[in-house]
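*Asks:* Structure: start.cif, mmCIF, C-alpha atoms.
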```cif
data_coords
#
loop_
_atom_site.group_PDB
_atom_site.id
_atom_site.type_symbol
_atom_site.label_atom_id
_atom_site.label_comp_id
_atom_site.auth_asym_id
_atom_site.auth_seq_id
_atom_site.Cartn_x
_atom_site.Cartn_y
_atom_site.Cartn_z
ATOM 1 C CA MET A 269 310.973 53.217 49.997
ATOM 2 C CA GLU A 270 311.129 56.895 49.144
ATOM 3 C CA HIS A 271 307.912 58.762 48.606
ATOM 4 C CA GLU A 272 306.910 61.938 46.874
ATOM 5 C CA ILE A 273 306.777 64.812 49.350
ATOM 6 C CA LYS A 274 303.202 65.834 50.025
ATOM 7 C CA GLU A 275 303.036 69.223 51.729
ATOM 8 C CA ILE A 276 300.124 69.759 54.119
ATOM 9 C CA ARG A 277 298.732 72.649 52.043
ATOM 10 C CA VAL A 278 298.747 70.455 48.915
ATOM 11 C CA ALA A 279 297.217 67.548 50.806
ATOM 12 C CA ILE A 280 294.381 69.761 52.048
ATOM 13 C CA SER A 281 293.703 71.035 48.545
ATOM 14 C CA GLU A 282 293.566 67.484 47.148
ATOM 15 C CA PHE A 283 291.293 66.300 49.956
ATOM 16 C CA LEU A 284 288.833 69.163 49.443
ATOM 17 C CA TRP A 285 288.781 68.414 45.700
ATOM 18 C CA HIS A 286 287.968 64.799 46.563
ATOM 19 C CA CYS A 287 285.140 65.922 48.867
ATOM 20 C CA ARG A 288 283.636 68.228 46.258
ATOM 21 C CA PHE A 289 283.924 66.203 43.066
ATOM 22 C CA GLU A 290 284.247 62.562 44.113
ATOM 23 C CA LYS A 291 282.092 62.466 47.246
ATOM 24 C CA SER A 292 279.752 65.313 46.209
ATOM 25 C CA LEU A 293 279.542 66.673 49.749
ATOM 26 C CA ASN A 294 277.545 69.839 50.242
ATOM 27 C CA GLU A 295 279.313 73.190 50.390
ATOM 28 C CA LYS A 296 278.687 73.687 54.106
ATOM 29 C CA THR A 297 280.509 70.463 54.937
ATOM 30 C CA ILE A 298 283.387 71.355 52.613
ATOM 31 C CA THR A 299 283.627 74.849 54.121
ATOM 32 C CA ALA A 300 283.763 73.347 57.623
ATOM 33 C CA TYR A 301 286.523 70.946 56.527
ATOM 34 C CA ALA A 302 288.453 73.790 54.912
ATOM 35 C CA THR A 303 288.211 75.979 58.017
ATOM 36 C CA ASP A 304 289.338 73.234 60.388
ATOM 37 C CA LEU A 305 292.172 72.024 58.157
ATOM 38 C CA LYS A 306 293.413 75.556 57.529
ATOM 39 C CA GLN A 307 293.734 76.006 61.283
ATOM 40 C CA PHE A 308 295.612 72.712 61.515
ATOM 41 C CA SER A 309 297.908 73.767 58.670
ATOM 42 C CA ALA A 310 298.645 77.088 60.366
ATOM 43 C CA HIS A 311 299.658 75.240 63.529
ATOM 44 C CA VAL A 312 301.927 72.544 62.040
ATOM 45 C CA GLY A 313 303.170 74.526 59.029
ATOM 46 C CA GLU A 314 301.903 74.497 55.447
ATOM 47 C CA THR A 315 305.089 72.939 54.060
ATOM 48 C CA LEU A 316 305.273 70.026 56.489
ATOM 49 C CA ASP A 317 305.411 66.727 54.628
ATOM 50 C CA LEU A 318 302.239 64.729 55.300
ATOM 51 C CA PHE A 319 304.403 61.591 55.662
ATOM 52 C CA GLU A 320 306.352 63.295 58.454
ATOM 53 C CA LEU A 321 303.220 63.978 60.488
ATOM 54 C CA SER A 322 303.675 62.228 63.830
ATOM 55 C CA LYS A 323 301.744 61.397 66.966
ATOM 56 C CA ILE A 324 303.770 64.029 68.827
ATOM 57 C CA THR A 325 302.725 66.709 66.338
ATOM 58 C CA LEU A 326 299.087 65.644 66.624
ATOM 59 C CA LYS A 327 299.257 65.697 70.413
ATOM 60 C CA THR A 328 300.585 69.259 70.395
ATOM 61 C CA TYR A 329 297.748 70.228 68.050
ATOM 62 C CA LEU A 330 295.223 68.613 70.382
ATOM 63 C CA GLN A 331 296.675 70.662 73.225
ATOM 64 C CA HIS A 332 296.510 73.763 71.003
ATOM 65 C CA ILE A 333 292.744 73.397 70.370
ATOM 66 C CA SER A 334 291.911 72.322 73.922
ATOM 67 C CA CYS A 335 290.608 75.836 74.655
ATOM 68 C CA PHE A 336 287.591 75.221 72.403
ATOM 69 C CA GLN A 337 284.327 73.652 73.467
ATOM 70 C CA HIS A 338 284.179 69.843 73.435
ATOM 71 C CA LYS A 339 281.883 69.768 70.411
ATOM 72 C CA THR A 340 284.238 72.010 68.417
ATOM 73 C CA ILE A 341 287.282 69.917 69.326
ATOM 74 C CA ARG A 342 285.524 66.758 68.178
ATOM 75 C CA ARG A 343 284.579 68.391 64.877
ATOM 76 C CA LYS A 344 288.126 69.624 64.215
ATOM 77 C CA LEU A 345 289.572 66.197 64.947
ATOM 78 C CA ALA A 346 286.930 64.557 62.745
ATOM 79 C CA SER A 347 287.924 66.853 59.853
ATOM 80 C CA LEU A 348 291.580 65.938 60.291
ATOM 81 C CA ARG A 349 290.802 62.235 60.630
ATOM 82 C CA ALA A 350 288.727 62.310 57.429
ATOM 83 C CA MET A 351 291.649 63.782 55.474
ATOM 84 C CA LEU A 352 294.227 61.378 56.890
ATOM 85 C CA ASN A 353 291.956 58.391 56.246
ATOM 86 C CA TYR A 354 291.582 59.541 52.645
ATOM 87 C CA PHE A 355 295.348 59.600 52.081
ATOM 88 C CA GLU A 356 295.741 56.240 53.792
ATOM 89 C CA CYS A 357 293.429 54.839 51.099
ATOM 90 C CA GLU A 358 295.249 56.722 48.326
ATOM 91 C CA TYR A 359 298.819 55.757 49.296
ATOM 92 C CA ASP A 360 299.712 52.218 50.343
ATOM 93 C CA ALA A 361 302.829 53.472 52.116
ATOM 94 C CA TYR A 362 300.978 56.010 54.242
ATOM 95 C CA ILE A 363 299.784 55.119 57.728
ATOM 96 C CA ASN A 364 297.387 57.455 59.478
ATOM 97 C CA PRO A 365 299.111 58.397 62.775
ATOM 98 C CA MET A 366 295.726 59.048 64.402
ATOM 99 C CA ARG A 367 295.115 55.300 64.353
ATOM 100 C CA LYS A 368 297.820 54.953 67.019
ATOM 101 C CA MET A 369 296.224 57.533 69.293
ATOM 102 C CA GLN A 370 293.534 56.930 71.887
ATOM 103 C CA ILE A 371 291.544 60.146 71.942
ATOM 104 C CA LYS A 372 288.386 60.246 73.978
ATOM 105 C CA ILE A 373 286.610 63.554 74.366
ATOM 106 C CA LYS A 374 283.542 63.147 76.505
ATOM 107 C CA GLU A 375 281.141 65.932 75.768
ATOM 108 C CA PRO A 376 278.946 66.914 78.725
ATOM 109 C CA ILE A 377 275.240 66.474 78.152
ATOM 110 C CA ARG A 378 273.647 69.857 77.617
ATOM 111 C CA LEU A 379 269.922 69.715 77.727
ATOM 112 C CA PRO A 380 268.359 71.817 74.968
ATOM 113 C CA THR A 381 265.923 74.602 75.748
ATOM 114 C CA VAL A 382 262.338 73.487 75.227
ATOM 115 C CA MET A 383 259.156 75.576 75.190
ATOM 116 C CA THR A 384 255.914 74.543 76.791
ATOM 117 C CA ILE A 385 252.806 74.197 74.668
ATOM 118 C CA ASP A 386 251.481 77.369 76.341
ATOM 119 C CA GLU A 387 254.548 79.316 75.217
ATOM 120 C CA VAL A 388 254.107 78.115 71.630
ATOM 121 C CA ARG A 389 250.431 79.072 71.853
ATOM 122 C CA THR A 390 251.439 82.538 73.089
ATOM 123 C CA ILE A 391 253.778 83.032 70.118
ATOM 124 C CA LEU A 392 251.205 81.938 67.538
ATOM 125 C CA SER A 393 248.388 83.955 69.129
ATOM 126 C CA TYR A 394 250.583 87.052 69.102
ATOM 127 C CA LEU A 395 251.493 86.625 65.421
ATOM 128 C CA TYR A 396 247.896 86.066 64.318
ATOM 129 C CA ARG A 397 246.640 89.068 66.315
ATOM 130 C CA LYS A 398 249.355 91.241 64.836
ATOM 131 C CA SER A 399 248.438 90.228 61.285
ATOM 132 C CA LEU A 400 244.798 91.180 61.861
ATOM 133 C CA LEU A 401 245.510 94.838 62.640
ATOM 134 C CA THR A 402 243.289 96.972 60.438
ATOM 135 C CA GLY A 403 244.623 99.192 57.686
ATOM 136 C CA ARG A 404 247.720 97.131 57.074
ATOM 137 C CA GLN A 405 246.643 94.775 54.286
ATOM 138 C CA GLY A 406 248.772 95.259 51.199
ATOM 139 C CA THR A 407 251.704 96.787 53.080
ATOM 140 C CA SER A 408 255.181 95.290 53.251
ATOM 141 C CA SER A 409 254.840 94.864 57.020
ATOM 142 C CA TYR A 410 251.633 92.851 56.548
ATOM 143 C CA ARG A 411 253.403 90.656 53.982
ATOM 144 C CA ALA A 412 256.227 90.091 56.489
ATOM 145 C CA ASP A 413 253.700 89.184 59.214
ATOM 146 C CA ILE A 414 252.051 86.548 57.014
ATOM 147 C CA ARG A 415 255.446 85.125 56.064
ATOM 148 C CA ASN A 416 256.509 85.011 59.719
ATOM 149 C CA ILE A 417 253.354 83.110 60.644
ATOM 150 C CA ALA A 418 254.129 80.555 57.922
ATOM 151 C CA VAL A 419 257.742 80.288 59.115
ATOM 152 C CA VAL A 420 256.787 79.679 62.755
ATOM 153 C CA GLU A 421 253.965 77.302 61.856
ATOM 154 C CA LEU A 422 256.325 75.214 59.706
ATOM 155 C CA LEU A 423 259.133 75.249 62.290
ATOM 156 C CA PHE A 424 256.767 73.875 64.910
ATOM 157 C CA ALA A 425 254.817 71.523 62.623
ATOM 158 C CA SER A 426 257.836 69.756 61.143
ATOM 159 C CA GLY A 427 260.858 70.192 63.414
ATOM 160 C CA ILE A 428 262.752 71.453 60.374
ATOM 161 C CA ARG A 429 266.228 72.939 60.809
ATOM 162 C CA VAL A 430 266.515 76.649 60.040
ATOM 163 C CA SER A 431 269.025 75.940 57.244
ATOM 164 C CA GLU A 432 266.601 73.419 55.728
ATOM 165 C CA LEU A 433 263.733 75.886 55.966
ATOM 166 C CA CYS A 434 265.684 78.624 54.193
ATOM 167 C CA SER A 435 266.738 76.181 51.451
ATOM 168 C CA LEU A 436 263.162 75.230 50.562
ATOM 169 C CA CYS A 437 262.108 75.929 46.976
ATOM 170 C CA ASN A 438 258.571 76.137 45.607
ATOM 171 C CA LYS A 439 258.948 72.630 44.169
ATOM 172 C CA ASP A 440 259.561 71.260 47.675
ATOM 173 C CA ILE A 441 256.102 72.226 48.948
ATOM 174 C CA ASP A 442 253.244 70.018 47.791
ATOM 175 C CA MET A 443 250.252 72.050 48.976
ATOM 176 C CA ALA A 444 247.679 69.649 47.503
ATOM 177 C CA ASN A 445 248.938 66.651 49.475
ATOM 178 C CA GLY A 446 250.397 68.528 52.433
ATOM 179 C CA ILE A 447 253.944 67.235 51.978
ATOM 180 C CA VAL A 448 257.221 69.088 52.447
ATOM 181 C CA ARG A 449 260.379 67.694 50.856
ATOM 182 C CA ILE A 450 263.411 68.472 52.991
ATOM 183 C CA ILE A 451 267.059 68.103 52.003
ATOM 184 C CA GLY A 452 268.944 67.610 55.259
ATOM 185 C CA LYS A 453 272.530 67.060 56.287
ATOM 186 C CA GLY A 454 274.554 64.963 53.864
ATOM 187 C CA ASN A 455 272.007 65.758 51.129
ATOM 188 C CA LYS A 456 269.636 63.227 52.694
ATOM 189 C CA GLU A 457 266.037 63.681 51.651
ATOM 190 C CA ARG A 458 263.053 63.208 53.909
ATOM 191 C CA LEU A 459 259.355 63.877 53.422
ATOM 192 C CA ILE A 460 257.265 65.441 56.176
ATOM 193 C CA ASN A 461 253.486 65.376 56.133
ATOM 194 C CA ILE A 462 251.849 68.605 57.259
ATOM 195 C CA CYS A 463 248.624 67.381 58.797
ATOM 196 C CA GLN A 464 247.540 70.471 60.731
ATOM 197 C CA PRO A 465 245.053 72.568 58.721
ATOM 198 C CA GLU A 466 246.271 75.761 60.421
ATOM 199 C CA THR A 467 249.796 75.191 59.139
ATOM 200 C CA LEU A 468 248.622 74.401 55.612
ATOM 201 C CA LEU A 469 246.411 77.493 55.617
ATOM 202 C CA ALA A 470 249.327 79.647 56.777
ATOM 203 C CA LEU A 471 251.529 78.308 53.970
ATOM 204 C CA LYS A 472 248.768 78.844 51.406
ATOM 205 C CA HIS A 473 248.142 82.387 52.622
ATOM 206 C CA TRP A 474 251.854 83.142 52.216
ATOM 207 C CA VAL A 475 251.888 81.702 48.689
ATOM 208 C CA ASP A 476 248.830 83.764 47.713
ATOM 209 C CA LEU A 477 250.356 86.936 49.128
ATOM 210 C CA ARG A 478 253.899 86.766 47.763
ATOM 211 C CA GLY A 479 252.926 88.266 44.439
ATOM 212 C CA GLU A 480 255.974 87.345 42.367
ATOM 213 C CA GLY A 481 255.748 84.932 39.450
ATOM 214 C CA PHE A 482 255.663 81.256 40.371
ATOM 215 C CA ASN A 483 258.938 79.505 39.617
ATOM 216 C CA LEU A 484 259.468 75.949 40.856
ATOM 217 C CA GLU A 485 263.163 76.598 41.483
ATOM 218 C CA ALA A 486 262.588 79.898 43.311
ATOM 219 C CA PRO A 487 262.983 80.060 47.117
ATOM 220 C CA PHE A 488 259.771 79.479 49.043
ATOM 221 C CA PHE A 489 260.457 81.978 51.824
ATOM 222 C CA THR A 490 261.677 85.349 50.619
ATOM 223 C CA ASN A 491 262.496 88.796 51.995
ATOM 224 C CA ARG A 492 261.107 92.115 50.771
ATOM 225 C CA LEU A 493 263.489 92.006 47.775
ATOM 226 C CA TYR A 494 262.222 88.514 46.843
ATOM 227 C CA HIS A 495 265.602 86.980 47.697
ATOM 228 C CA ALA A 496 265.800 83.789 49.731
ATOM 229 C CA LEU A 497 265.259 84.395 53.420
ATOM 230 C CA SER A 498 268.580 83.884 55.214
ATOM 231 C CA THR A 499 269.110 81.837 58.364
ATOM 232 C CA GLN A 500 270.290 84.984 60.137
ATOM 233 C CA SER A 501 267.062 86.763 59.180
ATOM 234 C CA VAL A 502 264.976 83.921 60.630
ATOM 235 C CA ARG A 503 266.977 84.086 63.864
ATOM 236 C CA GLN A 504 266.351 87.820 64.073
ATOM 237 C CA ILE A 505 262.633 87.306 63.414
ATOM 238 C CA ILE A 506 262.371 84.759 66.230
ATOM 239 C CA ARG A 507 264.430 86.946 68.576
ATOM 240 C CA ARG A 508 262.113 89.895 67.950
ATOM 241 C CA ILE A 509 258.971 87.783 68.448
ATOM 242 C CA ILE A 510 260.255 86.426 71.765
ATOM 243 C CA MET A 511 261.107 89.917 72.965
ATOM 244 C CA GLU A 512 257.665 91.255 71.994
ATOM 245 C CA THR A 513 255.792 88.367 73.622
ATOM 246 C CA GLY A 514 257.744 88.687 76.863
ATOM 247 C CA ILE A 515 258.861 85.043 76.964
ATOM 248 C CA GLU A 516 261.965 84.921 79.151
ATOM 249 C CA LYS A 517 263.582 81.798 77.695
ATOM 250 C CA HIS A 518 266.386 81.982 75.155
ATOM 251 C CA VAL A 519 264.461 80.842 72.088
ATOM 252 C CA THR A 520 265.997 80.300 68.648
ATOM 253 C CA PRO A 521 264.622 78.624 65.501
ATOM 254 C CA HIS A 522 266.254 75.407 66.732
ATOM 255 C CA THR A 523 264.236 75.625 69.958
ATOM 256 C CA PHE A 524 261.128 74.858 67.876
ATOM 257 C CA ARG A 525 262.872 71.674 66.685
ATOM 258 C CA HIS A 526 263.652 70.664 70.275
ATOM 259 C CA THR A 527 260.090 71.473 71.323
ATOM 260 C CA PHE A 528 258.633 69.509 68.400
ATOM 261 C CA ALA A 529 260.597 66.392 69.390
ATOM 262 C CA THR A 530 260.010 66.684 73.138
ATOM 263 C CA LEU A 531 256.250 67.209 72.877
ATOM 264 C CA LEU A 532 255.947 64.239 70.513
ATOM 265 C CA LEU A 533 257.844 62.131 73.025
ATOM 266 C CA GLU A 534 255.450 63.265 75.735
ATOM 267 C CA GLU A 535 252.613 61.979 73.550
ATOM 268 C CA ASP A 536 254.229 58.529 73.599
ATOM 269 C CA VAL A 537 255.491 58.656 70.000
ATOM 270 C CA ASP A 538 258.186 56.003 69.441
ATOM 271 C CA ILE A 539 261.650 57.582 69.449
ATOM 272 C CA LYS A 540 262.461 55.841 66.136
ATOM 273 C CA TYR A 541 259.692 57.804 64.425
ATOM 274 C CA ILE A 542 261.003 61.019 65.968
ATOM 275 C CA GLN A 543 264.478 60.141 64.676
ATOM 276 C CA SER A 544 263.055 59.779 61.172
ATOM 277 C CA LEU A 545 261.095 63.038 61.383
ATOM 278 C CA LEU A 546 264.155 64.973 62.545
ATOM 279 C CA GLY A 547 266.463 63.383 59.982
ATOM 280 C CA HIS A 548 268.965 62.189 62.591
ATOM 281 C CA SER A 549 271.550 59.737 61.264
ATOM 282 C CA SER A 550 271.765 57.968 64.629
ATOM 283 C CA ILE A 551 269.183 57.337 67.301
ATOM 284 C CA THR A 552 271.763 58.269 69.955
ATOM 285 C CA ILE A 553 271.368 61.896 68.813
ATOM 286 C CA THR A 554 267.606 61.699 69.253
ATOM 287 C CA GLN A 555 267.947 60.180 72.726
ATOM 288 C CA ILE A 556 268.880 63.588 74.156
ATOM 289 C CA TYR A 557 265.146 64.254 74.294
ATOM 290 C CA THR A 558 264.638 61.433 76.757
ATOM 291 C CA HIS A 559 266.635 63.540 79.225
ATOM 292 C CA VAL A 560 264.520 66.611 78.544
ATOM 293 C CA ASN A 561 261.207 64.878 78.974
ATOM 294 C CA THR A 562 260.766 65.650 82.684
ATOM 295 C CA HIS A 563 257.020 66.303 82.436
ATOM 296 C CA LYS A 564 256.324 62.830 81.077
ATOM 297 C CA GLN A 565 258.714 61.300 83.594
ATOM 298 C CA ARG A 566 256.821 62.938 86.465
ATOM 299 C CA GLU A 567 253.484 61.759 85.041
ATOM 300 C CA ILE A 568 254.731 58.174 84.775
ATOM 301 C CA LEU A 569 256.183 58.092 88.269
ATOM 302 C CA GLN A 570 253.048 59.617 89.776
ATOM 303 C CA ASN A 571 250.509 57.440 87.979
ATOM 304 C CA LYS A 572 252.324 54.237 87.042
ATOM 305 C CA HIS A 573 254.774 53.564 89.868
ATOM 306 C CA PRO A 574 253.809 50.339 91.741
ATOM 307 C CA ARG A 575 254.260 52.084 95.138
ATOM 308 C CA ARG A 576 250.830 53.671 94.661
ATOM 309 C CA LEU A 577 249.306 50.190 94.971
ATOM 310 C CA ILE A 578 250.963 49.379 98.280
#
```
If you convert what's in this file into structure tokens, what do you get?

*Replies:*
Amino acid sequence: MEHEIKEIRVAISEFLWHCRFEKSLNEKTITAYATDLKQFSAHVGETLDLFELSKITLKTYLQHISCFQHKTIRRKLASLRAMLNYFECEYDAYINPMRKMQIKIKEPIRLPTVMTIDEVRTILSYLYRKSLLTGRQGTSSYRADIRNIAVVELLFASGIRVSELCSLCNKDIDMANGIVRIIGKGNKERLINICQPETLLALKHWVDLRGEGFNLEAPFFTNRLYHALSTQSVRQIIRRIIMETGIEKHVTPHTFRHTFATLLLEEDVDIKYIQSLLGHSSITITQIYTHVNTHKQREILQNKHPRRLI
């Protein structure tokens, strides 16, 4: 049975339309799909008929992207698989050639960088001391210091992703009840209770200091121009703090998330609760922290191992 020719470039356009308007995926996911599929299109040719796509073509593409890191390869293949699965549902005559391929990319376990509680204490102590310098109240640098304290306190108190933090609006922070509403990956919502009075006080101090009119839809964290604080700005803030405190580890905003999870695990918090707090879709993602938790492992083997009784 003859079929209507579906050029790769047209197929990609239709798939992205489906993602945006039928699946309502967020723009970051759509942008990632578009980037990956554009690279695929450039390799196989924009005018190639989707129905002519073969296992051989896919194998040459896999070889083409083999220079990337394992995680990147898996993402690019997932983007392609998502598009081909979509067209398999749309056209009865189309068979996704990836279904006939056995692709297994084993990503090596990379343990995330984690700070000790003393290192977190050093960072917070430095920020609070800096904000207390005399003669600076009312200046833009003082305002930035108070905001940075609130940013770091929230990163450590909630394990929030930097993208989630920068997307927070005023309506997402319930100061009265100490609840932060977070929209995570896949537009999934989770609520985090902020139970530490120091963190709540830091957030309140930032709100009192901002000065601009209160708008529920306005960004919670802003720069000096009252625009939403960008993820790149937060990374630069953390980089500068680490340099000024003399901590030698490579610390990013995501390191606070890793530290949050690892220290909770060391306090014997069930990994399922940690999964929920982090907004992980699968517990296998959260289980990386069981590899990091060397301090707790040492404590268990020293104090609980039955050999001590022999």

*Asks:* Quick one: distance from atom CA of A:Ala529 to atom CA of A:His548 in Å, one decimal?

*Replies:*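 Between these atoms lies a distance of 11.6 Å.
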
*Asks:* Starting from the PyMOL selection byres ((chain A and resi 374-381) around 12), expand the selection into actual residues of this file and give them as a PyMOL selection string.

*Replies:* chain A and resi 336-343+371-373+382-384+516-530+553-562

*Asks:* Report as JSON lines the residues of stretch 441-555 of chain A within 9 Å of stretch 385-401 of chain A, each with its shortest atom pair and distance in Å (one decimal), using all atoms listed in the file, ordered by chain and increasing residue number.

*Replies:*
```
{"residue": "A:Ile509", "atom": "CA", "partner": "A:Ile391", "partner_atom": "CA", "distance": 7.2}
{"residue": "A:Ile510", "atom": "CA", "partner": "A:Ile391", "partner_atom": "CA", "distance": 7.5}
{"residue": "A:Glu512", "atom": "CA", "partner": "A:Tyr394", "partner_atom": "CA", "distance": 8.7}
{"residue": "A:Thr513", "atom": "CA", "partner": "A:Ile391", "partner_atom": "CA", "distance": 6.7}
{"residue": "A:Ile515", "atom": "CA", "partner": "A:Glu387", "partner_atom": "CA", "distance": 7.4}
{"residue": "A:Phe524", "atom": "CA", "partner": "A:Val388", "partner_atom": "CA", "distance": 8.6}
{"residue": "A:Thr527", "atom": "CA", "partner": "A:Ile385", "partner_atom": "CA", "distance": 8.5}
{"residue": "A:Leu531", "atom": "CA", "partner": "A:Ile385", "partner_atom": "CA", "distance": 8.0}
```

*Asks:* I need the output of the PyMOL selection byres ((chain A and resi 438-452) around 7) for this file as a VMD selection string; which residues are they?

*Replies:* chain A and resid 432 436 to 437 453 to 463 468 483 to 488 547

*Asks:* Using the chain letters and numbering of this document, enumerate as a PyMOL selection string the residues selected by the PyMOL selection byres ((chain A and resi 368) around 12).

*Replies:* chain A and resi 322-324+326-327+349+363-367+369-371
